[in-house]
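Text of the file query.txt, holding compact mmCIF, C-alpha atoms:
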```
# COMPACT_ATOMS: atom_id res chain seq x y z
CA MET A 1 54.65 24.11 29.05
CA ALA A 2 57.11 26.90 29.50
CA THR A 3 57.70 28.59 32.92
CA LEU A 4 58.96 32.21 33.80
CA SER A 5 62.26 32.26 35.54
CA VAL A 6 63.12 35.29 37.74
CA LYS A 7 66.79 36.28 38.02
CA PRO A 8 67.64 36.49 41.68
CA SER A 9 68.90 40.10 42.48
CA GLN A 10 68.21 42.99 44.82
CA ARG A 11 65.06 44.87 44.18
CA PHE A 12 64.69 48.62 45.05
CA ARG A 13 61.49 50.26 45.87
CA LEU A 14 60.05 53.04 43.76
CA PRO A 15 60.57 55.73 46.40
CA ASP A 16 64.22 54.78 46.51
CA TRP A 17 64.44 55.27 42.79
CA HIS A 18 62.88 58.75 43.02
CA THR A 19 65.13 59.65 45.92
CA ASN A 20 68.23 58.64 43.99
CA SER A 21 67.23 60.77 40.99
CA HIS A 22 66.57 63.73 43.24
CA LEU A 23 69.95 63.34 44.96
CA LEU A 24 71.74 63.23 41.62
CA SER A 25 70.04 66.41 40.46
CA THR A 26 70.66 68.19 43.72
CA ASN A 27 74.35 67.17 43.80
CA ALA A 28 74.82 68.22 40.20
CA GLU A 29 73.45 71.68 40.96
CA ARG A 30 75.57 71.98 44.07
CA GLN A 31 78.73 70.90 42.20
CA ARG A 32 77.94 73.37 39.43
CA ASP A 33 77.49 76.16 42.00
CA ALA A 34 80.81 75.24 43.64
CA SER A 35 82.53 75.08 40.26
CA HIS A 36 81.02 78.44 39.30
CA GLN A 37 82.29 79.93 42.57
CA ILE A 38 85.77 78.54 41.98
CA ARG A 39 85.74 79.87 38.40
CA GLN A 40 84.80 83.31 39.57
CA GLU A 41 87.42 83.27 42.30
CA ALA A 42 90.03 81.98 39.79
CA ARG A 43 89.19 84.83 37.41
CA VAL A 44 89.52 87.35 40.20
CA LEU A 45 92.81 85.75 41.32
CA ARG A 46 94.12 85.74 37.76
CA ASN A 47 93.27 89.39 37.29
CA GLU A 48 94.77 90.36 40.63
CA THR A 49 97.93 88.26 40.19
CA ASN A 50 98.38 89.44 36.61
CA ASN A 51 98.09 93.05 37.70
CA GLN A 52 100.35 92.44 40.68
CA THR A 53 102.95 90.68 38.50
CA ILE A 54 102.86 93.46 35.90
CA TRP A 55 103.23 96.17 38.53
CA ASP A 56 105.94 94.23 40.42
CA GLU A 57 107.89 93.74 37.20
CA HIS A 58 107.41 97.42 36.32
CA ASP A 59 108.48 98.54 39.80
CA ASN A 60 111.53 96.33 39.76
CA ARG A 61 112.43 97.47 36.26
CA THR A 62 112.20 101.02 37.56
CA ARG A 63 114.32 100.11 40.57
CA LEU A 64 116.88 98.48 38.29
CA ALA A 65 116.98 101.59 36.10
CA GLU A 66 117.38 103.82 39.15
CA ARG A 67 120.08 101.54 40.52
CA ILE A 68 121.88 101.64 37.19
CA ASP A 69 121.75 105.45 37.28
CA THR A 70 123.11 105.47 40.84
CA VAL A 71 125.93 103.07 40.04
CA ASN A 72 126.67 104.94 36.83
CA ARG A 73 126.93 108.24 38.72
CA TRP A 74 129.42 106.65 41.12
CA LYS A 75 131.31 105.20 38.17
CA GLU A 76 131.59 108.63 36.60
CA MET A 77 132.79 110.10 39.90
CA LEU A 78 135.35 107.33 40.16
CA ASP A 79 136.37 107.99 36.54
CA LYS A 80 137.08 111.61 37.36
CA CYS A 81 138.82 110.68 40.60
CA LEU A 82 141.00 108.17 38.77
CA THR A 83 141.88 110.77 36.14
CA ASP A 84 142.83 113.30 38.82
CA LEU A 85 144.72 110.63 40.69
CA ASP A 86 146.69 109.63 37.59
CA ALA A 87 147.55 113.27 36.94
CA GLU A 88 148.70 113.71 40.55
CA ILE A 89 150.76 110.50 40.39
CA ASP A 90 152.44 111.77 37.21
CA ALA A 91 153.08 115.20 38.75
CA LEU A 92 154.50 113.72 41.96
CA THR A 93 156.60 111.26 39.96
CA GLN A 94 158.05 114.12 37.92
CA MET A 95 158.77 116.09 41.09
CA LYS A 96 160.39 113.01 42.65
CA GLU A 97 162.54 112.56 39.54
CA SER A 98 163.49 116.23 39.70
CA ALA A 99 164.48 115.81 43.35
CA GLU A 100 166.47 112.68 42.47
CA GLN A 101 168.25 114.60 39.71
CA ASN A 102 169.04 117.37 42.19
CA LEU A 103 170.23 114.75 44.66
CA GLN A 104 172.39 113.19 41.96
CA ALA A 105 173.69 116.64 41.06
CA LYS A 106 174.90 117.07 44.65
CA ASN A 107 177.37 114.24 44.09
CA LEU A 108 179.55 116.48 41.90
CA PRO A 109 180.11 119.25 44.49
CA LEU A 110 180.49 116.58 47.18
CA ASP A 111 183.09 114.75 45.08
CA VAL A 112 184.85 118.04 44.37
CA ALA A 113 184.88 119.02 48.05
CA ILE A 114 186.11 115.58 49.10
CA GLU A 115 188.72 115.66 46.33
CA CYS A 116 189.93 119.03 47.57
CA LEU A 117 190.07 117.74 51.14
CA THR A 118 191.92 114.66 49.90
CA LEU A 119 194.39 116.82 48.00
CA ARG A 120 194.96 119.08 51.00
CA ASP A 121 195.40 116.04 53.23
CA SER A 122 198.65 115.54 51.33
CA ARG A 123 200.18 118.43 53.29
CA ARG A 124 203.04 117.42 55.56
CA ASP A 125 204.05 118.30 59.11
CA ILE A 126 203.33 121.89 60.11
CA ASP A 127 201.52 122.61 56.86
CA VAL A 128 198.75 120.28 58.02
CA VAL A 129 196.86 123.09 59.72
CA LYS A 130 193.16 123.61 60.18
CA ASP A 131 193.01 126.80 58.14
CA PRO A 132 189.91 128.70 56.95
CA VAL A 133 189.98 126.78 53.66
CA GLU A 134 189.71 123.44 55.43
CA GLU A 135 186.96 124.79 57.67
CA GLU A 136 185.01 126.02 54.66
CA LEU A 137 185.54 122.70 52.86
CA HIS A 138 184.28 120.74 55.87
CA LYS A 139 181.38 123.14 56.15
CA GLU A 140 180.68 122.62 52.46
CA VAL A 141 180.65 118.86 52.97
CA GLU A 142 178.26 119.32 55.91
CA VAL A 143 176.02 121.61 53.84
CA ILE A 144 175.99 119.09 50.98
CA ASP A 145 175.27 116.21 53.36
CA ALA A 146 172.46 118.22 54.94
CA THR A 147 170.99 119.08 51.54
CA LYS A 148 171.27 115.46 50.42
CA LYS A 149 169.57 114.27 53.60
CA ALA A 150 166.81 116.84 53.14
CA LEU A 151 166.34 115.83 49.50
CA GLN A 152 166.55 112.12 50.35
CA GLN A 153 163.93 112.61 53.05
CA LYS A 154 161.61 114.31 50.56
CA ILE A 155 162.30 111.58 48.00
CA SER A 156 161.49 108.92 50.60
CA GLN A 157 158.30 110.77 51.50
CA ALA A 158 157.43 111.04 47.81
CA PHE A 159 158.08 107.32 47.37
CA GLU A 160 155.84 106.50 50.33
CA LYS A 161 153.19 108.90 49.06
CA LEU A 162 153.38 107.33 45.58
CA CYS A 163 152.92 103.91 47.18
CA LEU A 164 149.85 105.21 49.00
CA LEU A 165 148.55 106.81 45.81
CA GLN A 166 149.08 103.59 43.91
CA GLU A 167 147.31 101.69 46.68
CA VAL A 168 144.41 104.14 46.57
CA ARG A 169 144.36 103.92 42.79
CA GLN A 170 144.26 100.14 42.99
CA GLN A 171 141.29 100.33 45.36
CA LEU A 172 139.56 102.86 43.13
CA SER A 173 140.29 100.77 40.06
CA SER A 174 138.93 97.68 41.79
CA ASP A 175 135.81 99.60 42.84
CA HIS A 176 135.51 101.00 39.32
CA ARG A 177 135.85 97.55 37.76
CA ASP A 178 133.26 96.16 40.16
CA LYS A 179 130.84 98.93 39.23
CA MET A 180 131.47 98.36 35.52
CA GLU A 181 130.74 94.69 35.99
CA THR A 182 127.68 95.53 38.08
CA LEU A 183 126.43 97.88 35.36
CA ASP A 184 126.84 95.15 32.78
CA ILE A 185 124.95 92.69 34.98
CA ASP A 186 122.14 95.13 35.87
CA ARG A 187 121.79 96.33 32.29
CA GLY A 188 121.59 92.72 31.21
CA CYS A 189 118.90 92.13 33.85
CA LEU A 190 117.03 95.24 32.67
CA SER A 191 117.11 94.02 29.08
CA LEU A 192 115.47 90.68 29.96
CA ASN A 193 111.79 90.11 29.23
CA LEU A 194 109.33 87.24 29.12
CA LYS A 195 110.46 86.29 25.61
CA SER A 196 114.17 86.23 26.43
CA PRO A 197 115.64 82.83 25.56
CA ASN A 198 118.01 82.63 28.52
CA ILE A 199 115.54 82.85 31.42
CA SER A 200 114.99 79.77 33.57
CA LEU A 201 114.15 78.63 37.07
CA LYS A 202 117.07 78.70 39.48
CA VAL A 203 117.79 76.85 42.69
CA ASN A 204 117.04 79.00 45.75
CA PRO A 205 117.30 82.36 43.97
CA THR A 206 116.13 84.30 47.03
CA ARG A 207 119.12 83.24 49.14
CA VAL A 208 121.39 85.95 50.58
CA PRO A 209 124.90 85.28 49.21
CA ASP A 210 127.82 85.25 51.63
CA GLY A 211 129.58 88.60 51.78
CA SER A 212 126.49 90.60 50.88
CA SER A 213 126.55 94.22 52.03
CA THR A 214 123.85 96.69 52.89
CA LEU A 215 123.12 99.71 50.76
CA GLN A 216 124.65 101.95 53.41
CA GLN A 217 127.80 99.83 53.48
CA TRP A 218 128.00 99.97 49.70
CA ASP A 219 127.69 103.75 49.66
CA ASP A 220 130.11 104.16 52.57
CA PHE A 221 132.70 101.98 50.83
CA SER A 222 132.75 104.06 47.64
CA GLN A 223 132.59 107.29 49.62
CA PHE A 224 135.53 106.15 51.75
CA ASN A 225 137.60 105.30 48.66
CA LYS A 226 136.79 108.65 47.07
CA SER A 227 137.46 110.62 50.26
CA ARG A 228 140.73 108.80 50.86
CA ALA A 229 141.86 109.44 47.29
CA GLU A 230 141.06 113.13 47.63
CA ALA A 231 142.92 113.29 50.96
CA GLU A 232 145.97 111.54 49.52
CA MET A 233 145.96 113.84 46.49
CA LYS A 234 145.78 116.85 48.77
CA GLY A 235 148.73 115.51 50.73
CA ALA A 236 150.61 114.87 47.47
CA VAL A 237 150.07 118.48 46.37
CA GLU A 238 151.42 119.76 49.69
CA LEU A 239 154.38 117.38 49.41
CA ARG A 240 155.16 118.60 45.88
CA GLU A 241 155.16 122.19 47.09
CA ALA A 242 157.45 121.26 49.98
CA MET A 243 159.78 119.40 47.62
CA ALA A 244 159.99 122.39 45.26
CA LEU A 245 160.81 124.64 48.22
CA THR A 246 163.44 122.21 49.51
CA ILE A 247 165.09 122.01 46.08
CA ALA A 248 165.28 125.82 45.83
CA GLU A 249 166.58 126.22 49.40
CA THR A 250 169.25 123.53 49.05
CA ASN A 251 170.48 125.00 45.78
CA ASN A 252 170.74 128.48 47.33
CA GLU A 253 172.58 127.19 50.41
CA LEU A 254 175.02 125.21 48.29
CA GLU A 255 175.73 128.16 46.00
CA ALA A 256 176.37 130.49 48.96
CA GLN A 257 178.78 127.97 50.49
CA ARG A 258 180.57 127.48 47.16
CA VAL A 259 181.23 131.21 46.95
CA ALA A 260 182.53 131.31 50.54
CA THR A 261 184.82 128.30 49.99
CA GLU A 262 186.37 129.66 46.82
CA PHE A 263 186.93 133.04 48.50
CA ALA A 264 188.86 131.23 51.28
CA PHE A 265 190.85 129.33 48.65
CA ARG A 266 191.92 132.53 46.91
CA LYS A 267 193.23 133.92 50.23
CA ARG A 268 195.12 130.74 51.09
CA LEU A 269 196.31 129.74 47.63
CA ARG A 270 200.07 130.57 47.94
CA GLU A 271 200.74 129.58 51.59
CA MET A 272 201.62 125.87 51.40
CA GLU A 273 204.83 123.86 51.02
CA LYS A 274 205.23 120.13 50.78
CA LEU A 275 208.05 117.76 51.87
CA TYR A 276 208.23 114.09 50.89
CA SER A 277 211.39 112.71 52.46
CA GLU A 278 209.67 110.69 55.19
CA LEU A 279 207.29 108.94 52.78
CA ARG A 280 210.14 108.24 50.35
CA TRP A 281 212.20 106.78 53.19
CA GLN A 282 209.29 104.66 54.31
CA GLU A 283 208.78 103.49 50.74
CA LYS A 284 212.47 102.48 50.45
CA ASN A 285 212.45 100.58 53.75
CA THR A 286 209.17 98.90 52.91
CA LEU A 287 210.52 97.69 49.55
CA GLU A 288 213.64 96.34 51.32
CA GLU A 289 211.49 94.59 53.91
CA ILE A 290 209.30 93.11 51.16
CA ALA A 291 212.39 91.76 49.39
CA GLU A 292 213.77 90.23 52.60
CA LEU A 293 210.39 88.79 53.54
CA GLN A 294 209.97 87.27 50.08
CA GLU A 295 213.40 85.64 50.44
CA ASP A 296 212.43 84.21 53.83
CA ILE A 297 209.14 82.94 52.39
CA ARG A 298 211.06 81.14 49.66
CA HIS A 299 213.29 79.52 52.32
CA LEU A 300 210.23 78.51 54.35
CA GLU A 301 208.61 76.96 51.26
CA GLU A 302 211.82 75.05 50.44
CA ASP A 303 212.09 73.73 54.01
CA LEU A 304 208.42 72.75 53.90
CA ARG A 305 208.94 70.81 50.67
CA ARG A 306 211.97 69.02 52.17
CA LYS A 307 210.04 68.14 55.30
CA LEU A 308 207.22 66.74 53.17
CA GLN A 309 209.77 64.51 51.39
CA ASN A 310 211.07 63.32 54.75
CA LEU A 311 207.50 62.61 55.84
CA LYS A 312 206.85 60.63 52.66
CA LEU A 313 210.01 58.59 53.38
CA CYS A 314 208.88 57.78 56.92
CA HIS A 315 205.35 56.91 55.75
CA THR A 316 206.78 54.60 53.07
CA ARG A 317 209.10 52.85 55.54
CA LEU A 318 206.31 52.35 58.05
CA GLU A 319 203.93 51.06 55.38
CA SER A 320 206.54 48.69 53.96
CA ARG A 321 207.33 47.25 57.42
CA THR A 322 203.67 46.31 57.90
CA TYR A 323 204.22 43.51 55.40
CA ARG A 324 206.79 41.64 57.55
CA PRO A 325 205.73 38.01 57.90
CA ASN A 326 204.39 36.32 61.01
CA VAL A 327 206.29 36.97 64.22
CA GLU A 328 208.64 39.31 62.37
CA LEU A 329 205.85 41.91 62.51
CA CYS A 330 207.00 43.20 65.88
CA ARG A 331 207.10 46.72 67.30
CA ASP A 332 210.89 47.07 67.50
CA GLN A 333 212.98 50.12 68.15
CA ALA A 334 213.00 50.97 64.45
CA GLN A 335 209.19 51.00 64.47
CA TYR A 336 209.10 53.30 67.51
CA GLY A 337 211.77 55.51 65.98
CA LEU A 338 209.94 55.86 62.67
CA THR A 339 206.67 56.63 64.51
CA ASP A 340 208.36 59.33 66.59
CA GLU A 341 209.92 60.73 63.45
CA VAL A 342 206.50 60.96 61.76
CA HIS A 343 205.04 62.83 64.75
CA GLN A 344 208.05 65.14 64.86
CA LEU A 345 207.83 65.86 61.12
CA GLU A 346 204.08 66.52 61.31
CA ALA A 347 204.63 68.99 64.14
CA THR A 348 207.48 70.60 62.20
CA ILE A 349 205.38 70.90 59.02
CA ALA A 350 202.48 72.43 60.99
CA ALA A 351 204.82 74.98 62.55
CA LEU A 352 206.37 75.80 59.16
CA LYS A 353 202.90 76.21 57.58
CA GLN A 354 201.78 78.49 60.38
CA LYS A 355 204.90 80.62 60.08
CA LEU A 356 204.58 80.65 56.29
CA ALA A 357 200.97 81.85 56.58
CA GLN A 358 202.07 84.57 58.99
CA ALA A 359 204.83 85.63 56.63
CA GLN A 360 202.45 85.72 53.67
CA ASP A 361 199.94 87.79 55.68
CA ALA A 362 202.74 90.14 56.64
CA LEU A 363 203.82 90.36 52.99
CA GLU A 364 200.26 91.13 51.89
CA ALA A 365 200.01 93.79 54.60
CA LEU A 366 203.32 95.27 53.43
CA TYR A 367 202.07 95.33 49.81
CA LYS A 368 198.87 97.10 50.86
CA HIS A 369 200.75 99.62 52.96
CA LEU A 370 203.27 100.17 50.18
CA ALA A 371 200.43 100.86 47.76
CA ARG A 372 198.99 103.40 50.20
CA LEU A 373 202.41 105.01 50.60
CA GLN A 374 202.92 105.26 46.85
CA ALA A 375 199.40 106.64 46.36
CA ASP A 376 200.11 109.24 49.02
CA ILE A 377 203.44 110.09 47.44
CA ASP A 378 201.75 110.52 44.04
CA CYS A 379 199.35 113.00 45.67
CA LYS A 380 202.29 115.00 46.91
CA THR A 381 204.39 115.13 43.76
CA ASN A 382 203.64 118.76 43.13
CA SER A 383 202.60 120.14 46.50
CA MET A 384 203.05 123.78 45.51
CA LEU A 385 200.18 123.43 43.06
CA LEU A 386 197.75 121.59 45.34
CA ASP A 387 195.49 124.55 45.95
CA THR A 388 195.74 125.55 42.31
CA LYS A 389 194.66 122.02 41.45
CA CYS A 390 191.77 122.35 43.92
CA MET A 391 190.64 125.60 42.33
CA ASP A 392 190.92 124.05 38.91
CA THR A 393 188.87 121.06 40.07
CA ARG A 394 186.23 123.38 41.48
CA ARG A 395 185.72 124.84 38.02
CA LYS A 396 183.59 121.75 37.39
CA LEU A 397 180.93 123.40 39.55
CA THR A 398 180.52 126.36 37.21
CA VAL A 399 181.76 125.08 33.84
CA PRO A 400 179.64 122.59 31.89
CA ALA A 401 181.11 119.11 31.82
CA GLU A 402 181.45 119.08 28.02
CA LYS A 403 183.46 122.34 28.12
CA PHE A 404 185.60 121.56 31.15
CA VAL A 405 189.32 121.27 30.39
CA PRO A 406 191.75 121.11 33.36
CA GLU A 407 194.13 124.04 33.42
CA VAL A 408 196.57 122.39 35.84
CA ASP A 409 197.72 118.76 35.77
CA THR A 410 199.34 118.15 39.12
CA PHE A 411 199.82 114.41 38.85
CA THR A 412 201.81 112.18 36.57
CA ARG A 413 199.29 110.23 34.51
CA THR A 414 199.72 106.48 34.12
CA THR A 415 196.95 105.84 31.62
CA ASN A 416 199.25 104.95 28.72
CA ARG A 417 202.12 103.59 30.83
CA THR A 418 202.61 99.89 31.47
CA LEU A 419 202.98 99.12 35.17
CA SER A 420 205.76 96.90 36.42
CA PRO A 421 204.75 93.43 37.70
CA LEU A 422 205.60 94.53 41.25
CA LYS A 423 203.28 97.56 41.09
CA THR A 424 200.55 95.53 39.39
CA CYS A 425 200.67 93.00 42.23
CA GLN A 426 200.66 95.79 44.78
CA LEU A 427 197.55 97.39 43.25
CA GLU A 428 195.75 94.04 43.14
CA LEU A 429 196.43 93.54 46.85
CA VAL A 430 195.00 96.96 47.86
```

Step by step, read the file and then write its structure as structure tokens.
Amino acid sequence: MATLSVKPSQRFRLPDWHTNSHLLSTNAERQRDASHQIRQEARVLRNETNNQTIWDEHDNRTRLAERIDTVNRWKEMLDKCLTDLDAEIDALTQMKESAEQNLQAKNLPLDVAIECLTLRDSRRDIDVVKDPVEEELHKEVEVIDATKKALQQKISQAFEKLCLLQEVRQQLSSDHRDKMETLDIDRGCLSLNLKSPNISLKVNPTRVPDGSSTLQQWDDFSQFNKSRAEAEMKGAVELREAMALTIAETNNELEAQRVATEFAFRKRLREMEKLYSELRWQEKNTLEEIAELQEDIRHLEEDLRRKLQNLKLCHTRLESRTYRPNVELCRDQAQYGLTDEVHQLEATIAALKQKLAQAQDALEALYKHLARLQADIDCKTNSMLLDTKCMDTRRKLTVPAEKFVPEVDTFTRTTNRTLSPLKTCQLELV
């Protein structure tokens, strides 16, 4: 007969079953209420954050646009400032070149005045007087030097000012380039949107980069560059005006002195006589001394060569005697004598070389002095026409260079004449 088997397990009571069902229902309702609350809060948060994001993006887009306008206005101001600065640099450069040309032009009257003084320095003895012509020529040199110093000072100031202008321009250009680059960056940022392909998350984008400046510092920097450029341009304008005034004043002073000097020349033109006997005598004696000194130098060189041969002989004897065998290699009287002879010859050769060097230095000094004497004699070859030559030379100041033809040729020209070897050597030594 079959029997019922009961599976051993835990048995719950019926109230427990009802309680469990009630708890499940209650928890389900509570979870649904909580979920509903979260959904409502999420919808509110989404709406608020969406609105906030839209307005933040709109505000920042507006700020970017305003910043672009601000930077662009500064860029345009810098553009104008750079244009004005370039124009002022060109104007100051032209004025500096004009001053340099005027300074270069002062070399001609200075050369003429110095040439006249050089010519009149050829006067001899009592004729070498400090007459009104010489005073006016020295005064002319002083006036020219003063005008050149004044012009050189203005040129130096212009150079320094141009350096400052270039420095300011470099700063403005750097600021301008930075603003152009900033405009490109900000315009690129303004053009971005949610659908742009090149947007991505960055590492620590809110960091403050090193070297960041405040808005006030940024504005002060550009304002400082602009103000400095305007101040330097103002100084350049004042310098250009001062340079123009200096050029006019120096030209007027030089012209007035030229007139005074030539008036003194015309009064003094026929009052000079020149004598050359002393210089000719000095030239003759110097040539004789050069010839005698050259002869002595030749004798010194011959003696030096002979002494070198004697020294070679002693050296050879001493060297050969070092090969004597065994006990024969003794320091005998011949050895001592040869050694003494070597020392004596070396001392003699040193003395001869020293005297030869002194003689050659004296010969070179004689050649140089002879060249100076001959140059001075050439300046005196026609002393009666020295002042006429000076007046003719001064015609360069009023006659254009292409039309200038000397009326008086005081000196014997050597352009197409072959110099003697002696004179060629003399000129090379001067």

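Compared by their closest atoms to Leu172 of chain A, and using all atoms listed in the file, the residues A:Leu279, A:Leu269, A:Cys81, A:Ala375 rank with A:Cys81 nearest.
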
Polymer residues at most 9 Å from segment 361-366 of chain A, all atoms listed in the file, same-chain spacing of 2 or more positions, as a CSV table (one decimal) with C-alpha atoms, in the frame of the given file:
```csv
chain,number,residue,atom,x,y,z
A,286,THR,CA,209.2,98.9,52.9
A,287,LEU,CA,210.5,97.7,49.6
A,289,GLU,CA,211.5,94.6,53.9
A,290,ILE,CA,209.3,93.1,51.2
A,293,LEU,CA,210.4,88.8,53.5
A,294,GLN,CA,210.0,87.3,50.1
A,356,LEU,CA,204.6,80.6,56.3
A,357,ALA,CA,201.0,81.8,56.6
A,358,GLN,CA,202.1,84.6,59.0
A,359,ALA,CA,204.8,85.6,56.6
A,368,LYS,CA,198.9,97.1,50.9
A,369,HIS,CA,200.8,99.6,53.0
A,370,LEU,CA,203.3,100.2,50.2
A,371,ALA,CA,200.4,100.9,47.8
A,426,GLN,CA,200.7,95.8,44.8
A,429,LEU,CA,196.4,93.5,46.8
A,430,VAL,CA,195.0,97.0,47.9
```

TODO: Could you jot down the atom CA of Lys96 of chain A to atom CA of Leu245 of chain A separation for me, Å, one decimal place?
DONE: 12.9 Å

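The coordinates place atom CA of Met233 of chain A at 14.1 Å from atom CA of Met95 of chain A.
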
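Excluding Ser174 of chain A itself and any same-chain residue fewer than 5 positions from it, the protein and nucleic acid residues within 12 Å of it, counting only C-alpha atoms, are Lys75, Leu78, Asp79, Leu82, Gln166, Glu167, Val168, Arg169, Lys179, Met180, Glu181, Phe221, Ser222 and Asn225 of chain A.
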
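Between Arg395 of chain A and the residues A:Ala28, A:Ala65, A:Val259, A:Leu164, the shortest atom-to-atom distance, using all atoms listed in the file, involves A:Val259.
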
Open item on the list: Which residues are near Glu160 of chain A? Cut-off 12 Å, all atoms listed in the file, ignore same chain within fewer than 2 positions. Put them as a list in words.
Closed with: Ile89, Leu92, Thr93, Lys96, Gln153, Lys154, Ile155, Ser156, Gln157, Ala158, Leu162, Cys163, Leu164, Leu165, Gln166, Glu167, Glu232, Gly235, Ala236 and Leu239 of chain A

Preceding selection exported with C-alpha atoms as a PDB file, in the frame of the given file:
```pdb
ATOM      1  CA  ILE A  89     150.760 110.500  40.390  1.00  0.00           C
ATOM      2  CA  LEU A  92     154.500 113.720  41.960  1.00  0.00           C
ATOM      3  CA  THR A  93     156.600 111.260  39.960  1.00  0.00           C
ATOM      4  CA  LYS A  96     160.390 113.010  42.650  1.00  0.00           C
ATOM      5  CA  GLN A 153     163.930 112.610  53.050  1.00  0.00           C
ATOM      6  CA  LYS A 154     161.610 114.310  50.560  1.00  0.00           C
ATOM      7  CA  ILE A 155     162.300 111.580  48.000  1.00  0.00           C
ATOM      8  CA  SER A 156     161.490 108.920  50.600  1.00  0.00           C
ATOM      9  CA  GLN A 157     158.300 110.770  51.500  1.00  0.00           C
ATOM     10  CA  ALA A 158     157.430 111.040  47.810  1.00  0.00           C
ATOM     11  CA  LEU A 162     153.380 107.330  45.580  1.00  0.00           C
ATOM     12  CA  CYS A 163     152.920 103.910  47.180  1.00  0.00           C
ATOM     13  CA  LEU A 164     149.850 105.210  49.000  1.00  0.00           C
ATOM     14  CA  LEU A 165     148.550 106.810  45.810  1.00  0.00           C
ATOM     15  CA  GLN A 166     149.080 103.590  43.910  1.00  0.00           C
ATOM     16  CA  GLU A 167     147.310 101.690  46.680  1.00  0.00           C
ATOM     17  CA  GLU A 232     145.970 111.540  49.520  1.00  0.00           C
ATOM     18  CA  GLY A 235     148.730 115.510  50.730  1.00  0.00           C
ATOM     19  CA  ALA A 236     150.610 114.870  47.470  1.00  0.00           C
ATOM     20  CA  LEU A 239     154.380 117.380  49.410  1.00  0.00           C
TER      21      LEU A 239
END
```

- [ ] Excluding segment 211-218 of chain A and residues on its chain fewer than 6 positions from it, collect all residues at most 12 Å away from it, counting all atoms listed in the file, and give them as a PyMOL selection string.
- [x] chain A and resi 67+70-71+74+175+178-179+224-225

Provide segment 388-398 of chain A rebuilt to N, CA, C and O atoms, formatted as a PDB file, keeping the file's coordinate frame.
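Okay, this is what ended up in part.pdb:
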```pdb
ATOM      1  N   THR A 388     196.080 125.198  43.689  1.00  0.00           N
ATOM      2  CA  THR A 388     195.740 125.550  42.310  1.00  0.00           C
ATOM      3  C   THR A 388     194.953 124.415  41.656  1.00  0.00           C
ATOM      4  O   THR A 388     193.985 124.648  40.918  1.00  0.00           O
ATOM      5  N   LYS A 389     195.390 123.174  41.955  1.00  0.00           N
ATOM      6  CA  LYS A 389     194.660 122.020  41.450  1.00  0.00           C
ATOM      7  C   LYS A 389     193.244 121.984  42.015  1.00  0.00           C
ATOM      8  O   LYS A 389     192.273 121.681  41.307  1.00  0.00           O
ATOM      9  N   CYS A 390     193.099 122.318  43.311  1.00  0.00           N
ATOM     10  CA  CYS A 390     191.770 122.350  43.920  1.00  0.00           C
ATOM     11  C   CYS A 390     190.879 123.379  43.232  1.00  0.00           C
ATOM     12  O   CYS A 390     189.716 123.107  42.914  1.00  0.00           O
ATOM     13  N   MET A 391     191.427 124.557  43.001  1.00  0.00           N
ATOM     14  CA  MET A 391     190.640 125.600  42.330  1.00  0.00           C
ATOM     15  C   MET A 391     190.278 125.183  40.918  1.00  0.00           C
ATOM     16  O   MET A 391     189.167 125.441  40.438  1.00  0.00           O
ATOM     17  N   ASP A 392     191.212 124.514  40.257  1.00  0.00           N
ATOM     18  CA  ASP A 392     190.920 124.050  38.910  1.00  0.00           C
ATOM     19  C   ASP A 392     189.832 122.971  38.933  1.00  0.00           C
ATOM     20  O   ASP A 392     188.939 122.948  38.081  1.00  0.00           O
ATOM     21  N   THR A 393     189.893 122.098  39.944  1.00  0.00           N
ATOM     22  CA  THR A 393     188.870 121.060  40.070  1.00  0.00           C
ATOM     23  C   THR A 393     187.505 121.672  40.345  1.00  0.00           C
ATOM     24  O   THR A 393     186.483 121.202  39.828  1.00  0.00           O
ATOM     25  N   ARG A 394     187.496 122.737  41.133  1.00  0.00           N
ATOM     26  CA  ARG A 394     186.230 123.380  41.480  1.00  0.00           C
ATOM     27  C   ARG A 394     185.589 124.096  40.301  1.00  0.00           C
ATOM     28  O   ARG A 394     184.416 124.486  40.384  1.00  0.00           O
ATOM     29  N   ARG A 395     186.321 124.253  39.223  1.00  0.00           N
ATOM     30  CA  ARG A 395     185.720 124.840  38.020  1.00  0.00           C
ATOM     31  C   ARG A 395     184.627 123.944  37.453  1.00  0.00           C
ATOM     32  O   ARG A 395     183.770 124.409  36.688  1.00  0.00           O
ATOM     33  N   LYS A 396     184.644 122.654  37.854  1.00  0.00           N
ATOM     34  CA  LYS A 396     183.590 121.750  37.390  1.00  0.00           C
ATOM     35  C   LYS A 396     182.212 122.205  37.889  1.00  0.00           C
ATOM     36  O   LYS A 396     181.199 121.855  37.282  1.00  0.00           O
ATOM     37  N   LEU A 397     182.212 122.981  38.983  1.00  0.00           N
ATOM     38  CA  LEU A 397     180.930 123.400  39.550  1.00  0.00           C
ATOM     39  C   LEU A 397     180.279 124.514  38.754  1.00  0.00           C
ATOM     40  O   LEU A 397     179.074 124.746  38.884  1.00  0.00           O
ATOM     41  N   THR A 398     181.061 125.222  37.963  1.00  0.00           N
ATOM     42  CA  THR A 398     180.520 126.360  37.210  1.00  0.00           C
ATOM     43  C   THR A 398     180.656 126.194  35.704  1.00  0.00           C
ATOM     44  O   THR A 398     179.966 126.884  34.950  1.00  0.00           O
TER      45      THR A 398
END
```
